[in-house]
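This is coords-v3.csv (CSV, C-alpha atoms and all ligand atoms).
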```csv
chain,number,residue,atom,x,y,z
A,1,MET,CA,15.4,112.6,197.7
A,2,THR,CA,18.5,112.6,195.4
A,3,ILE,CA,19.2,109.3,193.7
A,4,ARG,CA,22.9,108.4,193.9
A,5,VAL,CA,24.0,106.7,190.7
A,6,ALA,CA,27.2,104.9,189.6
A,7,ILE,CA,27.9,104.2,185.9
A,8,ALA,CA,29.8,101.2,184.5
A,9,GLY,CA,31.3,101.7,181.1
A,10,CYS,CA,31.5,105.5,181.2
A,11,ARG,CA,34.1,105.8,178.5
A,12,GLY,CA,32.0,104.0,175.9
A,13,LYS,CA,29.6,105.4,173.3
A,14,MET,CA,26.6,105.0,175.6
A,15,GLY,CA,28.4,105.6,178.8
A,16,LYS,CA,29.7,109.0,177.7
A,17,GLU,CA,26.2,110.1,176.8
A,18,ALA,CA,24.8,108.7,180.0
A,19,VAL,CA,27.4,110.6,182.1
A,20,LYS,CA,26.4,113.9,180.4
A,21,THR,CA,22.7,113.1,180.9
A,22,VAL,CA,22.9,112.1,184.6
A,23,VAL,CA,25.1,115.0,185.5
A,24,GLY,CA,22.5,117.5,184.1
A,25,GLN,CA,19.6,115.8,185.8
A,26,GLU,CA,17.8,117.2,188.8
A,27,GLY,CA,17.3,114.7,191.6
A,28,ILE,CA,20.1,112.4,190.4
A,29,GLU,CA,23.7,112.6,191.4
A,30,LEU,CA,26.6,110.8,189.7
A,31,VAL,CA,28.8,109.4,192.6
A,32,ALA,CA,31.1,106.9,191.0
A,33,ALA,CA,32.3,105.2,187.7
A,34,LEU,CA,33.3,101.6,187.2
A,35,ASP,CA,36.1,101.0,184.6
A,36,TYR,CA,39.2,98.8,184.2
A,37,LYS,CA,41.2,101.8,182.9
A,38,HIS,CA,42.0,105.0,184.8
A,39,VAL,CA,41.4,103.3,188.1
A,40,GLY,CA,42.0,105.6,191.0
A,41,GLU,CA,41.6,108.7,188.8
A,42,SER,CA,38.6,111.0,188.6
A,43,LEU,CA,36.4,111.5,185.5
A,44,ALA,CA,37.7,115.1,185.5
A,45,GLU,CA,41.1,113.7,184.5
A,46,LEU,CA,39.7,112.2,181.3
A,47,GLU,CA,39.7,114.5,178.3
A,48,MET,CA,36.2,113.5,177.2
A,49,PHE,CA,34.6,114.9,180.5
A,50,PRO,CA,34.5,118.5,182.0
A,51,ALA,CA,37.4,119.3,184.2
A,52,ASP,CA,35.2,119.8,187.2
A,53,LEU,CA,33.6,116.4,187.1
A,54,ASP,CA,35.1,115.1,190.3
A,55,VAL,CA,33.8,111.5,190.2
A,56,PRO,CA,36.1,108.6,191.3
A,57,ILE,CA,36.8,105.6,189.1
A,58,TYR,CA,36.9,102.2,190.6
A,59,LEU,CA,37.9,98.7,189.3
A,60,ASP,CA,36.2,96.7,192.0
A,61,LEU,CA,32.4,97.1,192.2
A,62,SER,CA,32.1,96.0,195.9
A,63,GLN,CA,34.6,98.6,196.9
A,64,LEU,CA,32.8,101.2,194.8
A,65,ILE,CA,29.5,100.4,196.5
A,66,GLU,CA,31.0,100.4,200.0
A,67,GLU,CA,32.8,103.7,199.6
A,68,THR,CA,30.3,105.7,197.5
A,69,LYS,CA,27.0,104.2,198.5
A,70,PRO,CA,25.0,104.4,195.2
A,71,ASP,CA,21.3,103.6,195.0
A,72,VAL,CA,21.5,102.6,191.3
A,73,LEU,CA,24.1,101.1,189.0
A,74,ILE,CA,23.7,101.9,185.3
A,75,ASP,CA,25.5,99.3,183.3
A,76,LEU,CA,26.6,100.1,179.7
A,77,THR,CA,29.6,97.7,179.3
A,78,SER,CA,29.9,94.5,177.5
A,79,PRO,CA,28.1,91.1,177.4
A,80,HIS,CA,31.2,89.6,179.1
A,81,ALA,CA,31.1,91.9,182.1
A,82,VAL,CA,27.5,92.6,182.7
A,83,TYR,CA,26.3,89.5,184.4
A,84,ASP,CA,28.9,89.8,187.2
A,85,HIS,CA,28.1,93.5,187.7
A,86,VAL,CA,24.4,92.8,188.1
A,87,LYS,CA,25.0,90.0,190.5
A,88,VAL,CA,27.4,91.9,192.8
A,89,SER,CA,25.1,94.9,192.6
A,90,LEU,CA,22.0,92.9,193.7
A,91,LEU,CA,23.9,91.2,196.5
A,92,HIS,CA,24.7,94.7,197.9
A,93,HIS,CA,21.0,95.8,197.4
A,94,VAL,CA,22.1,98.4,194.8
A,95,ARG,CA,19.5,98.5,192.0
A,96,PRO,CA,20.9,97.8,188.5
A,97,VAL,CA,19.6,99.6,185.4
A,98,VAL,CA,21.0,97.6,182.6
A,99,GLY,CA,21.3,98.6,178.9
A,100,THR,CA,24.0,96.1,178.1
A,101,THR,CA,22.8,93.2,175.9
A,102,GLY,CA,23.9,89.7,175.3
A,103,PHE,CA,22.5,87.9,178.4
A,104,THR,CA,21.8,84.1,178.1
A,105,ASP,CA,18.3,82.9,179.1
A,106,GLU,CA,19.9,81.1,182.0
A,107,GLN,CA,21.6,84.3,183.2
A,108,LEU,CA,18.3,86.2,183.0
A,109,GLU,CA,16.5,83.5,185.0
A,110,GLU,CA,19.2,83.5,187.7
A,111,LEU,CA,19.2,87.2,188.1
A,112,THR,CA,15.4,87.3,188.2
A,113,GLN,CA,15.5,84.9,191.1
A,114,LEU,CA,18.4,86.8,192.9
A,115,ALA,CA,16.5,90.1,192.6
A,116,GLN,CA,13.5,88.5,194.1
A,117,GLU,CA,15.5,86.9,197.0
A,118,GLN,CA,17.2,90.3,197.6
A,119,LYS,CA,13.9,92.2,197.3
A,120,THR,CA,15.9,94.6,195.1
A,121,GLY,CA,14.7,96.3,192.0
A,122,CYS,CA,16.5,95.8,188.7
A,123,ILE,CA,15.6,96.8,185.1
A,124,ILE,CA,17.2,95.1,182.2
A,125,ALA,CA,16.1,97.0,179.1
A,126,PRO,CA,17.3,95.7,175.7
A,127,ASN,CA,16.3,99.1,174.3
A,128,PHE,CA,15.8,102.4,176.2
A,129,ALA,CA,14.4,104.2,173.1
A,130,ILE,CA,10.6,104.7,173.4
A,131,GLY,CA,10.2,104.3,169.7
A,132,ALA,CA,11.9,100.9,169.8
A,133,VAL,CA,9.7,99.8,172.7
A,134,LEU,CA,6.6,100.8,170.7
A,135,MET,CA,8.0,99.0,167.6
A,136,MET,CA,8.2,95.8,169.7
A,137,LYS,CA,4.7,96.3,171.1
A,138,PHE,CA,3.2,97.0,167.7
A,139,ALA,CA,5.0,93.9,166.3
A,140,LYS,CA,3.5,91.7,169.0
A,141,GLU,CA,0.0,93.0,168.1
A,142,ALA,CA,0.6,92.5,164.3
A,143,ALA,CA,1.8,88.9,164.8
A,144,LYS,CA,-1.6,87.9,166.1
A,145,TYR,CA,-3.0,88.5,162.6
A,146,LEU,CA,0.1,88.0,160.5
A,147,PRO,CA,2.2,85.1,161.9
A,148,ASN,CA,4.7,85.0,159.1
A,149,VAL,CA,7.4,87.4,160.2
A,150,GLU,CA,11.1,88.0,159.8
A,151,ILE,CA,13.3,90.5,161.8
A,152,ILE,CA,16.1,92.5,160.3
A,153,GLU,CA,18.3,94.3,162.7
A,154,LEU,CA,21.0,96.7,161.6
A,155,HIS,CA,23.8,98.0,163.8
A,156,HIS,CA,27.2,99.7,163.7
A,157,ASP,CA,30.1,97.3,163.2
A,158,ARG,CA,31.5,97.7,166.7
A,159,LYS,CA,28.7,95.7,168.2
A,160,LEU,CA,29.7,92.5,170.0
A,161,ASP,CA,26.5,90.5,170.2
A,162,ALA,CA,24.3,89.1,167.4
A,163,PRO,CA,21.4,89.1,167.2
A,164,SER,CA,20.8,92.4,169.1
A,165,GLY,CA,19.1,92.4,172.4
A,166,THR,CA,16.2,94.2,170.8
A,167,ALA,CA,15.7,91.6,168.1
A,168,LYS,CA,15.8,88.8,170.6
A,169,LYS,CA,13.2,90.6,172.8
A,170,THR,CA,11.0,91.3,169.8
A,171,ALA,CA,11.1,87.7,168.8
A,172,GLN,CA,10.3,86.7,172.4
A,173,MET,CA,7.3,89.1,172.6
A,174,ILE,CA,6.0,87.9,169.3
A,175,ALA,CA,6.3,84.3,170.4
A,176,GLU,CA,3.9,85.1,173.3
A,177,VAL,CA,1.1,85.4,170.8
A,178,ARG,CA,2.3,83.3,167.8
A,179,GLU,CA,2.4,79.5,167.8
A,180,GLU,CA,5.7,78.1,166.9
A,181,ARG,CA,5.7,77.4,163.1
A,182,LYS,CA,8.3,76.9,160.4
A,183,GLN,CA,8.2,79.5,157.8
A,184,GLY,CA,9.2,79.4,154.1
A,185,HIS,CA,9.1,76.3,151.9
A,186,PRO,CA,9.0,73.1,153.9
A,187,LEU,CA,11.8,71.7,151.7
A,188,GLU,CA,14.0,74.8,151.6
A,189,GLU,CA,17.7,74.3,152.0
A,190,GLU,CA,20.6,76.7,152.7
A,191,THR,CA,23.2,76.3,150.0
A,192,MET,CA,25.3,78.8,152.0
A,193,ALA,CA,25.3,78.5,155.8
A,194,GLY,CA,23.4,81.3,157.5
A,195,ALA,CA,21.6,82.4,154.4
A,196,ARG,CA,18.2,82.2,156.2
A,197,GLY,CA,19.4,83.9,159.4
A,198,ALA,CA,18.9,82.7,163.0
A,199,ASP,CA,15.9,80.6,163.8
A,200,PHE,CA,13.7,81.6,166.8
A,201,GLU,CA,10.6,79.4,166.9
A,202,GLY,CA,10.5,79.4,163.1
A,203,MET,CA,10.9,83.2,162.9
A,204,ARG,CA,14.1,84.3,161.1
A,205,ILE,CA,16.4,87.0,162.5
A,206,HIS,CA,19.0,88.7,160.2
A,207,SER,CA,21.8,90.8,161.6
A,208,VAL,CA,23.5,93.5,159.5
A,209,ARG,CA,26.7,95.1,160.8
A,210,LEU,CA,28.1,98.2,158.9
A,211,PRO,CA,30.0,101.3,159.7
A,212,GLY,CA,27.7,104.3,159.5
A,213,LEU,CA,24.7,102.6,161.2
A,214,VAL,CA,23.7,103.2,164.8
A,215,ALA,CA,20.7,101.0,165.8
A,216,HIS,CA,17.9,100.1,163.4
A,217,GLN,CA,15.3,97.3,163.1
A,218,GLU,CA,12.6,96.3,160.7
A,219,VAL,CA,9.9,93.7,161.6
A,220,ILE,CA,8.4,92.5,158.3
A,221,PHE,CA,5.1,90.6,158.2
A,222,GLY,CA,3.9,88.8,155.1
A,223,GLY,CA,0.3,88.0,154.3
A,224,ASN,CA,-1.8,87.2,151.2
A,225,GLY,CA,-0.8,89.8,148.6
A,226,GLN,CA,0.4,92.2,151.4
A,227,LEU,CA,3.4,93.2,153.5
A,228,LEU,CA,3.5,95.2,156.7
A,229,THR,CA,6.8,96.7,157.8
A,230,ILE,CA,7.4,98.2,161.3
A,231,ARG,CA,10.6,100.0,161.4
A,232,HIS,CA,12.5,102.0,164.1
A,233,ASP,CA,15.7,104.0,163.8
A,234,SER,CA,18.0,105.4,166.4
A,235,PHE,CA,20.2,107.9,164.7
A,236,ASN,CA,22.2,108.8,167.8
A,237,ARG,CA,22.8,107.7,171.4
A,238,GLU,CA,20.7,110.6,172.8
A,239,SER,CA,17.7,108.6,171.7
A,240,PHE,CA,18.3,106.2,174.6
A,241,MET,CA,18.8,108.8,177.3
A,242,ASP,CA,15.2,109.6,178.3
A,243,GLY,CA,14.6,105.9,178.8
A,244,ILE,CA,17.7,105.7,181.1
A,245,VAL,CA,16.5,108.5,183.3
A,246,TYR,CA,13.0,107.0,183.4
A,247,CYS,CA,14.4,103.7,184.5
A,248,VAL,CA,16.7,105.2,187.2
A,249,LYS,CA,13.6,106.8,188.8
A,250,LYS,CA,11.3,103.8,188.3
A,251,VAL,CA,13.8,101.2,189.6
A,252,MET,CA,13.6,102.9,193.0
A,253,GLU,CA,10.0,101.7,193.3
A,254,LEU,CA,10.7,98.1,192.4
A,255,GLU,CA,11.6,95.0,194.4
A,256,GLN,CA,12.0,92.6,191.5
A,257,LEU,CA,13.7,92.3,188.1
A,258,VAL,CA,11.8,93.7,185.1
A,259,TYR,CA,13.0,92.6,181.7
A,260,GLY,CA,12.0,95.2,179.1
A,261,MET,CA,10.7,98.7,179.4
A,262,GLU,CA,7.4,97.8,177.9
A,263,ASN,CA,6.6,96.3,181.3
A,264,ILE,CA,7.0,99.5,183.3
A,265,LEU,CA,5.6,102.2,180.9
A,301,LIG,N1,19.6,99.2,176.0
A,301,LIG,C1,19.9,100.1,175.1
A,301,LIG,O1,19.0,101.0,174.8
A,301,LIG,C2,21.2,100.2,174.5
A,301,LIG,C3,22.1,99.2,174.8
A,301,LIG,N2,23.4,99.2,174.3
A,301,LIG,C4,24.3,98.2,174.8
A,301,LIG,O2,25.1,98.8,175.7
A,301,LIG,C5,26.4,98.2,175.7
A,301,LIG,C6,27.4,99.3,175.5
A,301,LIG,O3,27.3,99.8,174.3
A,301,LIG,P1,28.3,100.9,173.6
A,301,LIG,O4,28.4,102.0,174.5
A,301,LIG,O5,28.0,101.1,172.2
A,301,LIG,O6,29.7,100.0,173.7
A,301,LIG,P2,31.2,100.6,173.9
A,301,LIG,O7,32.1,99.5,173.5
A,301,LIG,O8,31.3,101.9,173.2
A,301,LIG,O9,31.3,100.9,175.5
A,301,LIG,C7,31.4,99.9,176.4
A,301,LIG,C8,32.4,100.5,177.5
A,301,LIG,O10,32.4,99.6,178.6
A,301,LIG,C9,33.8,99.3,178.9
A,301,LIG,N3,34.0,98.1,179.6
A,301,LIG,C10,34.1,96.8,179.0
A,301,LIG,N4,34.2,95.9,180.0
A,301,LIG,C11,34.1,96.6,181.2
A,301,LIG,C12,34.2,96.2,182.6
A,301,LIG,N5,34.4,94.9,182.9
A,301,LIG,N6,34.1,97.2,183.5
A,301,LIG,C13,33.9,98.4,183.2
A,301,LIG,N7,33.9,98.9,181.9
A,301,LIG,C14,34.0,98.0,180.9
A,301,LIG,C15,34.5,99.4,177.6
A,301,LIG,O11,35.9,99.7,177.7
A,301,LIG,P3,36.9,99.2,176.5
A,301,LIG,O12,36.4,99.8,175.3
A,301,LIG,O13,38.2,99.9,176.9
A,301,LIG,O14,37.0,97.8,176.5
A,301,LIG,C16,33.8,100.6,177.0
A,301,LIG,O15,34.3,101.9,177.4
A,301,LIG,C17,26.3,97.1,174.6
A,301,LIG,O16,26.0,95.9,175.2
A,301,LIG,C18,25.2,97.6,173.7
A,301,LIG,O17,24.6,96.5,173.1
A,301,LIG,C19,23.7,100.2,173.4
A,301,LIG,C20,22.9,101.2,173.0
A,301,LIG,C21,21.5,101.2,173.5
A,302,LIG,O1,24.9,97.8,170.6
A,302,LIG,C1,24.1,98.8,170.3
A,302,LIG,O2,24.4,99.8,169.8
A,302,LIG,C2,22.6,98.6,170.7
A,302,LIG,N1,22.3,97.6,171.5
A,302,LIG,C3,21.0,97.3,171.9
A,302,LIG,C4,20.6,96.0,171.3
A,302,LIG,O3,21.4,95.0,171.2
A,302,LIG,O4,19.4,95.8,171.0
A,302,LIG,C5,20.1,98.4,171.8
A,302,LIG,C6,20.2,99.2,170.5
A,302,LIG,O5,19.8,98.4,169.5
A,302,LIG,C7,21.7,99.6,170.3
```
Full structure transcribed into structure tokens:
Amino acid sequence: MTIRVAIAGCRGKMGKEAVKTVVGQEGIELVAALDYKHVGESLAELEMFPADLDVPIYLDLSQLIEETKPDVLIDLTSPHAVYDHVKVSLLHHVRPVVGTTGFTDEQLEELTQLAQEQKTGCIIAPNFAIGAVLMMKFAKEAAKYLPNVEIIELHHDRKLDAPSGTAKKTAQMIAEVREERKQGHPLEEETMAGARGADFEGMRIHSVRLPGLVAHQEVIFGGNGQLLTIRHDSFNRESFMDGIVYCVKKVMELEQLVYGMENIL
């Protein structure tokens, strides 16, 4: 069976790479694109895509779904757009595979419930790179023994959300095995706001944004006279593509929302 896929955000850094990947994939067919520019045109008319890529561009997701009947919607857009896309998609029983980050906890809860009610699979993966997923799993394991931990995530300076979805998910996974505790000196004070980073159950998260970076993270554990650093680097967007293909196939077997690729490996 061929899986019919639509991509939202196809002009973006991730979207462009995803279009290239999906088009070359056996058993997957790209049937539509969702964008708010070039509406009514075809991807073939955009300079960045091959001239024979005859894939229609829609503004309205419901219309896209009714006319092109995708099985899966890959969302690689923005924190402002993604929640609505996932909701509309689930209401139409189209399975979302979501790379976009920046969900609130409330949005994740609502979408989890909606996917369950609709009996429709959905994968929200803060990071599609297998190395990053392993970094998160290893960090969770290490935190059982070394509960003093800080996360430093480093990204390109076009990123909209901070901390990154990966850093937030790492902290959540660590929190499953680490009791909430304040770190550092009990009387420490910030003499400059933000100096100690964001506070997640006492863990500190630091976000670096610089041109030249892609997506990187260090999880640093401190113990008596020792330090453990777990680091992952994505040097390009290709690093995420195997994960996207895996999720497109996997979501076809699901009837509920899965948050994080570590839960389906
Ligand atoms: N899970 C993972 O492994 C990864 C996740 N990401 C996440 O994926 C998302 C996209 O990243 P990236 O490609 O770098 O970002 P880009 O800004 O390069 O791409 C986003 C694209 O989505 C478009 N867009 C914005 N709003 C809408 C909308 N309402 N409908 C359709 N298209 C829209 C943008 O158009 P325009 O620019 O014209 O506004 C742009 O073309 C981010 O949230 C990022 O954090 C990124 C890498 C890996
Ligand atoms: O915006 C990005 O680039 C990335 N976003 C995701 C995140 O917020 O964790 C995944 C990866 O880090 C790249």
Check the smallest atom-to-atom distance from each of A:Val251, A:Ala115, A:Val98, A:Ala32 to Gln63 of chain A using only C-alpha atoms, then report the winner.
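Selected residue with least distance to Gln63 of chain A: A:Ala32.
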Nearby residues, ligand LIG 301 (chain A), 6 Å, only C-alpha atoms and all ligand atoms, as a VMD selection string
chain A and resid 8 to 15 34 to 36 76 to 79 81 99 to 101 125 to 129 240
Give as a ChimeraX atom specification the residues surrounding ligand LIG 302 (chain A) up to a distance of 8 Å, considering all atoms listed in the file.
/A:99-102,126-128,155-156,158-168,214-217,234
What is the atom CA of Gln113 of chain A to atom CA of Leu61 of chain A distance in Å?
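Going from atom CA of Gln113 of chain A over to atom CA of Leu61 of chain A, I get 20.9 Å.
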Can you tell me, as a list in words, what residues are no more than 12 Å from Gly184 of chain A when counting all atoms listed in the file, ignoring any on the same chain fewer than 6 positions away?
Pro147, Asn148, Val149, Glu150, Glu190, Arg196, Asp199, Gly202, Met203, Arg204 and Gly222 of chain A
Counting all atoms listed in the file, which residue out of A:Gln107, A:His80, A:Ser62, A:Glu117 sits closest to His92 of chain A?
A:Ser62
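Interatomic distance, atom CA of Leu43 of chain A against atom CA of Glu66 of chain A: 19.0 Å.
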Could you please determine the separation between atom CA of Asp71 of chain A and atom CA of Glu17 of chain A in Å, to one decimal place?
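Interatomic distance, atom CA of Asp71 of chain A to atom CA of Glu17 of chain A: 19.9 Å.
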Neighbour residues at most 12 Å from (34.5, 104.8, 200.3) (only C-alpha atoms) as a VMD selection string:
chain A and resid 31 to 32 40 56 to 58 60 to 70
Top pick for closest residue to Val94 of chain A, considering A:Lys144, A:Arg231, A:Arg4, A:His206 and counting only C-alpha atoms
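The shortest atom-to-atom distance to Val94 of chain A comes from A:Arg4.
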